[in-house]
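Visitor: Handing you a structure now.
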Amino acid sequence: MTEDTTPREAALQRLIWPLRLTRLGMVAERATRAFWPLWSLLFLTVAGFAFGLATALTQMQLWAVIGLLAVGLIWAVLHGLRRFRMPSRSEALERLDATMPGRPITALMDHPAVGANDPASQSVWAAHVARMAERASHAHAPQPDLRLSDRDPYALRYMAATALAMALLFGTLGRVSELGEAVVLGPGAASASGPSWEGWVEPPIYTGLPSLYLADITAARFEAPAGSRISLRFYGDPGEITVETNIGDLPPAGDQPSLSRNVTLARSGSLSIYGPSGARSWDISMLADAPPSVALEGEVEPGPPGQMQLSYTASDDYGVVSGTATLRLDAEAADRRYGLRIDPEPREPLVLDLPMPFRGGREDFTEVMVEDLSEHPFANLPVSLTLTVTDDAGQIGTVSYNVPRLPGRRFFDPLANAIIEMRRDILWNRENAERAADLLRAITFHPEDDLDEGVYLQLRTAIRRLESGIDSISAETRDQVADILWNAALELEDGDLDDALERLRRAQERLSEAMRQGASDEEIAQLMQELREAMNDYMQQLAENAEPSDGTDQPDQGERMEMSMADLDEMLRRIEELMQEGRTAEAQEMLNALQQMLENMEITQGEGGDGPQTPGQQAMEGLQDTLREQQELSDDSFSELQEQFGGQPQGQPQPGQQPGQQGQQPGQQQPGQQGQQPGQQPGQPGQQPGQQQDGQMPGDQQGAGQGGENDGMTLAERQEALRRQLEEQARRLPGTGSEAGDEALRQLDEAGRAMDEAAEALENGDIAGALDLQSEAMEGLREGMTELGRALAQDEGREAGQGQAEGSMAPDRPLQDPLGRQAGNSGSMGSDEDMETREELYRRSRELLDELRRRSSEQERPQIELDYLRRLLDQF
């Protein structure tokens, strides 16, 4: 018998501490379930009084709250005592035994029912007890179940705990003792504790300054911002405490003094509080809130065609909230001749919102406002400009300027300019309608001379509406006629001229007219760019229509002048310089000479002009195709990054996409682009791999048809295919051996390395890292193409950049950056166009920058995407 009980007792002895911990856990479970209403109510009570509930209520209200709390606490205690039951040892033993397989504790406490005298049965039972004792030796107290979701489905306990946490962080636990002071039990209670007070100085929220506890201010003098609110609280009998101040209007105490007094700081002065315990006094210096200020930086300048651009600086001690720019017609400063001789009709001022900074403080900043006011009646007329800014306190800062001419679109076609002048006169005063109708009749007298049918019909419609009124036309009719005349003038100014020579003549005439009218430098630059484009189109048309030479042509008798495109560009540059220097006569003379040369120009193609391309041309165009496909792959990679993090809102441009284009998933087709290959420009017809487009050089096939092979390929596979394509092109690179050729090969090797690492990053799912590597690859390609152009130019004995050795981007395969700029020779991004004079590019760049700033400020976006957007912003 001793051998049977010894292992059992030893095993049970080892269960003492696990059993105690199990029983303690059960006590915690039952106490939590029984008394959670009690501690929840206590938490809410402490939190309420820590935030000043005792002083915020009247005596009657406070007594009512105390009574409700007392009833609630008594109910919670009784409810807990009725439900709580101390767990017994057997219950704890049962809980601990249930945590182990086979219930070893129950087995240890059992005895065999039969076979007690059978040695074999005793041996089996002893082995069973030993096995159960071994299991019991590994017993551990189970975790108590403290979940109350079934008893507290509305999570009231969490609300109480949160209130207590807020009281500990932001409240004052010492104010709980105010409950005893606030409860007045009788006439002598207040005098026993004595009346007391508290006070706070709370600056306006927009200042961002902290509140001050008045009782803690020991200095006799302190400063506070204007508009600060001084709140005083009285405890005990408030009639025994008096307040005197001259810093603002203090409401009178009246016959029944209240427990609180408030005053707003309106001027510097003193504040004194008198009571039985003594007096406290402070001299308060008011920090005045200075009104905001605003000033115009420079002059109001014309931007891209028809736009007004102004830069302004604003400042305020606490920050500017908003601002406006108000434009009023300055009739006295206008040239009061012809249709402006009569007084203008009254017009409401034009009010524009000033742009505010997207990020950073608004205490001191400079911003640029760009508005297109070409169609407004004030355009090209003198106006008064009033800039107004407002701060949080409602203070206003304003400044006015006289603007001699509000920038607007100017028309250099004589007929279009005359129509715009009629439009201006009608908008000035409707009494000019009859005069304008007569002049328009004169313009349309012989329409076959200068007007096409569309413009003629528009002008005749305008005439009929102007003559429809007996005495005067209505404001609605006036505005309709103004729209008609504006559209007619635009069609004359920017008419769709198919003939390249006629377009060239028109550009030259407009430039000459601008010279005579004294146009601004920005307008001259725009017209010079139009002349360059028209000249390029004309030269291209001449080249296409020229007949190839068979080598038997005899040279003309006499001298023959040969000019290259570089010579023509130099003449245009010289004309622009003369205009900037004010030498208008010389510029006009040179422009006339250029016009005569262009009209008498002949272009003949040498032998093999349409023959096979040189190896240099083929290599350059192949690299251009690789660069274009790499840029398309980079755009698709960014789209994939957007999809990983929830996609992009429809209609918002991607950083690699031109503003205004709809977001499009890779491989997705827009309406009207059926059959378009991925990465193909809108409007370019789809083609099968290896299929040559009309007008495409034979070398253009290399890489141009790769888009069809992308179907079903992952981004990593496409990147690896581009790397292999570049490696094959580098092996056949001409011009190696020279310094420029070796440098080109080195740059292409760097681009290949970046492509290889980008493919690996795409394979591992690191799209953000792949985007950076793809950018490095494109930069290496551009540098390599530049060096290759130099090497080929040196081989042919030319200056780098001349001829076609460097290659030129095929017109049916344009490569553009997000701002719409064309990739020039050598694949380098750039443009001869002045960004400030091109309305479309200025708008695109502004929209793209705003979109990048907006997305980078959305902190809910993934961090990997925010890092990529910030890297894009750094490039701007």
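In the structure tokens, each chain is lettered A, B, ... as it comes, each chain's residues begin at 1, and ligands are numbered from 1 in order of appearance.
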Neighbours of range 479-483 of chain A within 8 Å (only C-alpha atoms; same-chain residues fewer than 5 positions away dropped), as a compact mmCIF listing (two decimals) with C-alpha atoms, in the first residue's frame?
Guide:
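Writing done, so here's part23.txt:
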```txt
# COMPACT_ATOMS: atom_id res chain seq x y z
CA ARG A 423 -15.16 93.58 -80.03
CA ILE A 426 -18.77 96.87 -78.09
CA LEU A 427 -17.74 95.64 -74.64
CA ALA A 462 -22.47 89.30 -85.71
CA ARG A 465 -27.29 90.69 -84.15
CA LEU A 466 -25.73 94.14 -83.75
```
Visitor: For Ala325 in chain A, list every protein, DNA or RNA residue within 8 Å, evaluated using only C-alpha atoms, and leave out those in the same chain fewer than 6 positions away; present the list as a ChimeraX atom specification.
Guide: /A:351-354,385-388
Visitor: Could you check the closest approach to Ser270 in chain A for each of A:Glu509, A:Glu301, A:Glu223, A:Glu371 and tell me which residue wins, using only C-alpha atoms?
Guide: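 Closest to Ser270 in chain A of all the choices is A:Glu223.
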Visitor: Can you pull out every residue from range 319-451 of chain A that DSSP, working from the backbone, puts in strand (DSSP E), and format the result as an NGL selection string?
Guide: :A and (320-329 or 350-353 or 364-372 or 383-391 or 396-403)
Visitor: Can you write just those residues out, C-alpha atoms, as a JSON list (two decimals), in the first residue's frame?
Guide:
```json
[["chain", "number", "residue", "atom", "x", "y", "z"],
["A", 320, "VAL", "CA", -2.32, 84.80, -43.81],
["A", 321, "VAL", "CA", -5.62, 82.97, -44.33],
["A", 322, "SER", "CA", -6.76, 84.15, -47.76],
["A", 323, "GLY", "CA", -6.29, 86.86, -50.34],
["A", 324, "THR", "CA", -7.84, 88.38, -53.44],
["A", 325, "ALA", "CA", -6.72, 90.40, -56.43],
["A", 326, "THR", "CA", -9.32, 92.95, -57.58],
["A", 327, "LEU", "CA", -9.14, 94.51, -61.06],
["A", 328, "ARG", "CA", -11.04, 97.70, -61.91],
["A", 329, "LEU", "CA", -11.08, 99.49, -65.24],
["A", 350, "LEU", "CA", -13.01, 91.37, -61.44],
["A", 351, "VAL", "CA", -12.09, 89.55, -58.22],
["A", 352, "LEU", "CA", -9.57, 86.69, -58.35],
["A", 353, "ASP", "CA", -8.44, 84.49, -55.48],
["A", 364, "ASP", "CA", 5.97, 85.12, -44.89],
["A", 365, "PHE", "CA", 5.76, 83.73, -48.42],
["A", 366, "THR", "CA", 5.89, 84.57, -52.12],
["A", 367, "GLU", "CA", 3.50, 83.10, -54.67],
["A", 368, "VAL", "CA", 2.81, 83.47, -58.39],
["A", 369, "MET", "CA", -0.69, 83.89, -59.85],
["A", 370, "VAL", "CA", -1.33, 83.06, -63.50],
["A", 371, "GLU", "CA", -4.72, 83.79, -65.08],
["A", 372, "ASP", "CA", -5.93, 83.86, -68.66],
["A", 383, "VAL", "CA", -6.66, 98.79, -64.84],
["A", 384, "SER", "CA", -6.13, 99.39, -61.16],
["A", 385, "LEU", "CA", -4.97, 96.32, -59.24],
["A", 386, "THR", "CA", -5.83, 95.93, -55.55],
["A", 387, "LEU", "CA", -4.23, 93.10, -53.58],
["A", 388, "THR", "CA", -5.99, 92.18, -50.33],
["A", 389, "VAL", "CA", -5.00, 89.60, -47.70],
["A", 390, "THR", "CA", -6.80, 88.58, -44.50],
["A", 391, "ASP", "CA", -5.56, 86.93, -41.30],
["A", 396, "ILE", "CA", -7.13, 93.12, -43.71],
["A", 397, "GLY", "CA", -4.01, 94.30, -45.50],
["A", 398, "THR", "CA", -4.39, 95.94, -48.88],
["A", 399, "VAL", "CA", -2.29, 97.71, -51.51],
["A", 400, "SER", "CA", -3.19, 99.19, -54.91],
["A", 401, "TYR", "CA", -1.26, 99.62, -58.15],
["A", 402, "ASN", "CA", -1.94, 101.12, -61.55],
["A", 403, "VAL", "CA", -1.36, 98.67, -64.39]]
```
Visitor: Could you list, as a PDB file with C-alpha atoms, in the first residue's frame, every residue within 10 Å of Leu591 in chain A, counting only C-alpha atoms and ignoring same-chain residues fewer than 4 positions away?
Guide:
```pdb
ATOM      1  CA  GLN A 508       6.545  86.179 -91.254  1.00  0.00           C
ATOM      2  CA  GLU A 509       3.750  88.716 -91.659  1.00  0.00           C
ATOM      3  CA  LEU A 511       6.241  88.744 -86.852  1.00  0.00           C
ATOM      4  CA  SER A 512       6.608  91.895 -88.954  1.00  0.00           C
ATOM      5  CA  MET A 571      19.582  84.035 -88.970  1.00  0.00           C
ATOM      6  CA  LEU A 572      16.479  83.648 -86.809  1.00  0.00           C
ATOM      7  CA  ARG A 574      20.174  87.099 -85.015  1.00  0.00           C
ATOM      8  CA  ILE A 575      16.764  88.600 -85.846  1.00  0.00           C
ATOM      9  CA  ALA A 585      14.705  98.330 -88.756  1.00  0.00           C
ATOM     10  CA  GLU A 586      17.683  95.998 -89.097  1.00  0.00           C
ATOM     11  CA  ALA A 587      15.618  93.055 -87.837  1.00  0.00           C
ATOM     12  CA  GLN A 595      11.686  85.474 -96.660  1.00  0.00           C
ATOM     13  CA  GLN A 596      13.113  86.026-100.124  1.00  0.00           C
ATOM     14  CA  MET A 597      15.708  83.287 -99.656  1.00  0.00           C
TER      15      MET A 597
END
```
Visitor: For the structure I just gave you, how does DSSP split range 264-427 of chain A - specifically, which residues are alpha helix (DSSP H)? Reply as number ranges by chain.
Guide: A: 414-427
Visitor: One decimal, Å: what's the distance from CA of Leu773 in chain A over to CA of Arg732 in chain A, could you say?
Guide: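 Straight-line distance from CA of Leu773 in chain A to CA of Arg732 in chain A works out to 24.5 Å.
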Visitor: Which residues are close to Met166 in chain A, i.e. within 10 Å by only C-alpha atoms, leaving aside same-chain residues fewer than 5 positions away? Reply as a ChimeraX atom specification.
Guide: /A:47,50-51,160-161,171
Visitor: Could you name the residues that touch Leu415 in chain A at 9 Å or less, counting only C-alpha atoms, but leaving out those on the same chain fewer than 6 positions away, as a list in words?
Guide: Ile443, Asp450, Ala489, Leu492 and Glu493 of chain A
Visitor: Those same residues, written as a PDB file, in the first residue's frame with all heavy atoms?
Guide:
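What ended up in part_34.pdb:
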```pdb
ATOM      1  N   ILE A 443     -15.605  95.367 -93.791  1.00  0.00           N
ATOM      2  CA  ILE A 443     -14.646  94.251 -93.836  1.00  0.00           C
ATOM      3  C   ILE A 443     -15.169  93.123 -94.712  1.00  0.00           C
ATOM      4  O   ILE A 443     -14.406  92.476 -95.443  1.00  0.00           O
ATOM      5  CB  ILE A 443     -14.364  93.764 -92.404  1.00  0.00           C
ATOM      6  CG1 ILE A 443     -13.576  94.820 -91.634  1.00  0.00           C
ATOM      7  CG2 ILE A 443     -13.604  92.448 -92.403  1.00  0.00           C
ATOM      8  CD1 ILE A 443     -13.375  94.481 -90.177  1.00  0.00           C
ATOM      9  N   ASP A 450      -9.962  88.301 -98.579  1.00  0.00           N
ATOM     10  CA  ASP A 450      -9.201  87.898 -97.394  1.00  0.00           C
ATOM     11  C   ASP A 450      -9.932  86.897 -96.504  1.00  0.00           C
ATOM     12  O   ASP A 450      -9.314  86.337 -95.596  1.00  0.00           O
ATOM     13  CB  ASP A 450      -8.873  89.136 -96.540  1.00  0.00           C
ATOM     14  CG  ASP A 450      -8.015  90.129 -97.300  1.00  0.00           C
ATOM     15  OD1 ASP A 450      -6.926  89.742 -97.736  1.00  0.00           O
ATOM     16  OD2 ASP A 450      -8.460  91.284 -97.456  1.00  0.00           O
ATOM     17  N   ALA A 489     -11.756  86.047 -84.966  1.00  0.00           N
ATOM     18  CA  ALA A 489     -10.388  86.561 -84.916  1.00  0.00           C
ATOM     19  C   ALA A 489      -9.388  85.432 -84.687  1.00  0.00           C
ATOM     20  O   ALA A 489      -8.296  85.420 -85.274  1.00  0.00           O
ATOM     21  CB  ALA A 489     -10.266  87.613 -83.827  1.00  0.00           C
ATOM     22  N   LEU A 492      -8.817  83.623 -87.914  1.00  0.00           N
ATOM     23  CA  LEU A 492      -7.950  84.380 -88.825  1.00  0.00           C
ATOM     24  C   LEU A 492      -6.493  84.364 -88.342  1.00  0.00           C
ATOM     25  O   LEU A 492      -5.567  84.270 -89.157  1.00  0.00           O
ATOM     26  CB  LEU A 492      -8.438  85.827 -88.930  1.00  0.00           C
ATOM     27  CG  LEU A 492      -9.717  86.065 -89.735  1.00  0.00           C
ATOM     28  CD1 LEU A 492     -10.188  87.488 -89.555  1.00  0.00           C
ATOM     29  CD2 LEU A 492      -9.480  85.756 -91.209  1.00  0.00           C
ATOM     30  N   GLU A 493      -6.304  84.484 -87.026  1.00  0.00           N
ATOM     31  CA  GLU A 493      -4.943  84.555 -86.491  1.00  0.00           C
ATOM     32  C   GLU A 493      -4.241  83.206 -86.563  1.00  0.00           C
ATOM     33  O   GLU A 493      -3.074  83.132 -86.927  1.00  0.00           O
ATOM     34  CB  GLU A 493      -5.005  85.030 -85.035  1.00  0.00           C
ATOM     35  CG  GLU A 493      -3.658  85.222 -84.381  1.00  0.00           C
ATOM     36  CD  GLU A 493      -2.985  86.519 -84.769  1.00  0.00           C
ATOM     37  OE1 GLU A 493      -3.592  87.324 -85.516  1.00  0.00           O
ATOM     38  OE2 GLU A 493      -1.853  86.738 -84.338  1.00  0.00           O
TER      39      GLU A 493
END
```
Visitor: For Ile419 in chain A, please output as a compact mmCIF listing (two decimals) with C-alpha atoms, in the first residue's frame all residues within 12 Å (counting only C-alpha atoms; exclusion window: fewer than 4 positions along the same chain).
Guide:
```txt
# COMPACT_ATOMS: atom_id res chain seq x y z
CA ARG A 410 -2.60 90.23 -78.89
CA PHE A 411 -3.50 89.71 -82.54
CA PHE A 412 -0.93 90.47 -85.22
CA ASP A 413 -3.00 89.57 -88.25
CA PRO A 414 -4.31 93.00 -89.41
CA LEU A 415 -7.82 91.76 -90.11
CA ARG A 423 -15.16 93.58 -80.03
CA ARG A 424 -13.38 95.83 -77.52
CA ASP A 425 -15.53 98.83 -78.50
CA ILE A 426 -18.77 96.87 -78.09
CA ALA A 436 -18.97 98.40 -85.17
CA ALA A 437 -21.64 96.98 -87.49
CA LEU A 439 -17.03 98.65 -89.96
CA LEU A 440 -17.76 94.94 -90.04
CA ARG A 441 -19.86 95.48 -93.19
CA ALA A 442 -16.87 97.20 -94.76
CA ILE A 443 -14.65 94.25 -93.84
CA THR A 444 -17.07 91.76 -95.43
CA VAL A 455 -15.12 83.62 -90.93
CA TYR A 456 -17.42 85.46 -93.37
CA GLN A 458 -19.51 84.44 -88.43
CA LEU A 459 -19.05 88.13 -89.17
CA ALA A 462 -22.47 89.30 -85.71
CA ILE A 463 -23.66 92.15 -87.97
CA VAL A 481 -21.52 89.00 -80.44
CA ALA A 482 -18.27 89.26 -78.45
CA ASP A 483 -17.93 85.47 -78.50
CA ILE A 484 -18.57 85.35 -82.25
CA LEU A 485 -15.99 88.04 -82.99
CA TRP A 486 -13.44 86.36 -80.73
CA ASN A 487 -13.80 83.03 -82.53
CA ALA A 488 -13.57 84.72 -85.93
CA ALA A 489 -10.39 86.56 -84.92
CA LEU A 490 -8.83 83.35 -83.61
CA GLU A 491 -9.58 81.57 -86.86
CA LEU A 492 -7.95 84.38 -88.83
CA GLU A 493 -4.94 84.56 -86.49
```
